[in-house]
Amino acid sequence: MQPRYPNLAENTGIAPAFFGPNALPVPDMLDGRTQEKLRIELAADGFFGYEKDLTADVFAKIYIPLWTPRVNLTVWMPVMEWYRMTPERQRTCRLQDTLQLAGHEAGDVYISTDIQILKSRKYTPDIAFRAAFKTASGGSFDKARYFDNSGYWFDLAVGKSLMVKSWELRLAGSLGFLCWQTDNGRQNDALMYGVQLLAKSEYIGVRATWGGYMGWEKYGDRPMTVKVQISGYAKGFEPFVAYQYGIKDYPFHQIRVGLAYHIDILKKKEPKQ
């Protein structure tokens, strides 16, 4: 069988096309805004690989406003994943045939600082900057689940909303720089990009995102995805369902079902009369 990505001997192969879906997925982009409230998110993911491999995980994320809604500390991770590979996927990932096809593994922790640089005015957009760090806490490098290296990125997101009756229509774009260490002492540098459309009312929202990043090795390190998420809103709760399709170098369908809760921890107390 011919390998899907030849010439890997000339490259590290430490890239999303040859690892599990949680190794270094395309980061969710900002839409030019930070979270004004504490947001806690729990979700379950199902990844259906193009080579019939399967992964399921429990995912958690928290956005914490730091004394002001214009600065967030954000932490997230796939808490635990369960996977089952196929012989075809093992060959693509260059794994030994003697390795077990199924198992479980805890994931990498991600930490970011999100800063609202500019708030939208009549003729100006929202602008947000993010600095993020990926730890190397995930294991099973020998089974192609997680990179055994850290990474980081910086990106800038710009967004502008238009109100049409009771609906918010929003367009956002982002550009950034992403870097991760490989296994031969060098690093892979990538240009990040994304475009997002949002339609939101009081009770429901639909968000569509196209994005990815482009590594310099050009072998499995240029993932591009499109994602659609539908959310509901009711008294601080936000149930949601999302589907993501890997267009390039991310050979997975992803379905996410989750629930978020918003808490206004910065709300000023009314003075006593």
# chains A, B, ... in the order shown; residues from 1 in each chain; ligands from 1
$ select_by_dssp --residues "range 25-169 of chain A" --states "strand (DSSP E or B)" --output "PyMOL selection string"
chain A and resi 38-49+54-65+71-84+102-105+110-118+126-134+151-164+167-169
$ select_by_dssp --residues "range 16-230 of chain A" --states "alpha helix (DSSP H)" --output "number ranges by chain"
A: 87-92
$ atom_distance --atom1 "CA of Ile127 in chain A" --atom2 "CA of Gln229 in chain A"
22.2 Å
$ closest_residue --among "A:Ser150, A:Ser140, A:Gln244, A:Ser201" --to "Trp167 in chain A" --atoms "only C-alpha atoms"
A:Ser201
$ closest_residue --among "A:Gly246, A:Gly215, A:Gly173, A:Pro239" --to "Ala43 in chain A" --atoms "only C-alpha atoms"
A:Pro239
$ residues_around --residues "Asp31 in chain A" --least-positions-apart "5" --cutoff "9 Å" --atoms "only C-alpha atoms" --output "ChimeraX atom specification"
/A:126-128,157-160,170-174,195-197
$ write_last_selection --atoms "N, CA, C and O atoms" --output "PDB file, in the first residue's frame"
ATOM      1  N   ASP A 126     -14.709  45.402  16.811  1.00  0.00           N
ATOM      2  CA  ASP A 126     -14.074  44.803  17.984  1.00  0.00           C
ATOM      3  C   ASP A 126     -12.749  44.192  17.543  1.00  0.00           C
ATOM      4  O   ASP A 126     -12.659  43.568  16.476  1.00  0.00           O
ATOM      5  N   ILE A 127     -11.731  44.338  18.382  1.00  0.00           N
ATOM      6  CA  ILE A 127     -10.435  43.725  18.113  1.00  0.00           C
ATOM      7  C   ILE A 127      -9.948  43.051  19.385  1.00  0.00           C
ATOM      8  O   ILE A 127      -9.931  43.658  20.455  1.00  0.00           O
ATOM      9  N   ALA A 128      -9.566  41.775  19.276  1.00  0.00           N
ATOM     10  CA  ALA A 128      -9.080  41.009  20.425  1.00  0.00           C
ATOM     11  C   ALA A 128      -7.771  40.323  20.063  1.00  0.00           C
ATOM     12  O   ALA A 128      -7.584  39.844  18.937  1.00  0.00           O
ATOM     13  N   ALA A 157      -7.973  38.883  16.281  1.00  0.00           N
ATOM     14  CA  ALA A 157      -9.292  38.687  15.686  1.00  0.00           C
ATOM     15  C   ALA A 157     -10.034  40.013  15.615  1.00  0.00           C
ATOM     16  O   ALA A 157     -10.005  40.803  16.562  1.00  0.00           O
ATOM     17  N   VAL A 158     -10.707  40.237  14.498  1.00  0.00           N
ATOM     18  CA  VAL A 158     -11.466  41.465  14.263  1.00  0.00           C
ATOM     19  C   VAL A 158     -12.894  41.071  13.904  1.00  0.00           C
ATOM     20  O   VAL A 158     -13.106  40.174  13.073  1.00  0.00           O
ATOM     21  N   GLY A 159     -13.871  41.711  14.527  1.00  0.00           N
ATOM     22  CA  GLY A 159     -15.256  41.381  14.247  1.00  0.00           C
ATOM     23  C   GLY A 159     -16.171  42.582  14.327  1.00  0.00           C
ATOM     24  O   GLY A 159     -15.901  43.537  15.066  1.00  0.00           O
ATOM     25  N   LYS A 160     -17.258  42.536  13.575  1.00  0.00           N
ATOM     26  CA  LYS A 160     -18.228  43.632  13.556  1.00  0.00           C
ATOM     27  C   LYS A 160     -19.623  43.050  13.406  1.00  0.00           C
ATOM     28  O   LYS A 160     -19.845  42.144  12.585  1.00  0.00           O
ATOM     29  N   ARG A 170     -23.019  38.820  12.457  1.00  0.00           N
ATOM     30  CA  ARG A 170     -21.643  39.195  12.754  1.00  0.00           C
ATOM     31  C   ARG A 170     -20.661  38.510  11.810  1.00  0.00           C
ATOM     32  O   ARG A 170     -20.798  37.311  11.531  1.00  0.00           O
ATOM     33  N   LEU A 171     -19.695  39.283  11.350  1.00  0.00           N
ATOM     34  CA  LEU A 171     -18.607  38.774  10.533  1.00  0.00           C
ATOM     35  C   LEU A 171     -17.299  39.003  11.275  1.00  0.00           C
ATOM     36  O   LEU A 171     -17.048  40.094  11.784  1.00  0.00           O
ATOM     37  N   ALA A 172     -16.463  37.965  11.348  1.00  0.00           N
ATOM     38  CA  ALA A 172     -15.184  38.070  12.052  1.00  0.00           C
ATOM     39  C   ALA A 172     -14.099  37.361  11.251  1.00  0.00           C
ATOM     40  O   ALA A 172     -14.367  36.407  10.510  1.00  0.00           O
ATOM     41  N   GLY A 173     -12.877  37.837  11.407  1.00  0.00           N
ATOM     42  CA  GLY A 173     -11.725  37.209  10.778  1.00  0.00           C
ATOM     43  C   GLY A 173     -10.546  37.222  11.727  1.00  0.00           C
ATOM     44  O   GLY A 173     -10.480  38.055  12.640  1.00  0.00           O
ATOM     45  N   SER A 174      -9.619  36.307  11.536  1.00  0.00           N
ATOM     46  CA  SER A 174      -8.452  36.243  12.418  1.00  0.00           C
ATOM     47  C   SER A 174      -7.212  35.827  11.642  1.00  0.00           C
ATOM     48  O   SER A 174      -7.295  35.103  10.649  1.00  0.00           O
ATOM     49  N   VAL A 195     -12.169  32.640   9.283  1.00  0.00           N
ATOM     50  CA  VAL A 195     -13.293  33.526   8.976  1.00  0.00           C
ATOM     51  C   VAL A 195     -14.530  32.932   9.628  1.00  0.00           C
ATOM     52  O   VAL A 195     -14.737  31.704   9.578  1.00  0.00           O
ATOM     53  N   GLN A 196     -15.339  33.780  10.228  1.00  0.00           N
ATOM     54  CA  GLN A 196     -16.507  33.294  10.970  1.00  0.00           C
ATOM     55  C   GLN A 196     -17.730  34.160  10.701  1.00  0.00           C
ATOM     56  O   GLN A 196     -17.635  35.385  10.613  1.00  0.00           O
ATOM     57  N   LEU A 197     -18.881  33.483  10.584  1.00  0.00           N
ATOM     58  CA  LEU A 197     -20.170  34.145  10.442  1.00  0.00           C
ATOM     59  C   LEU A 197     -21.064  33.716  11.593  1.00  0.00           C
ATOM     60  O   LEU A 197     -21.104  32.536  11.957  1.00  0.00           O
TER      61      LEU A 197
END
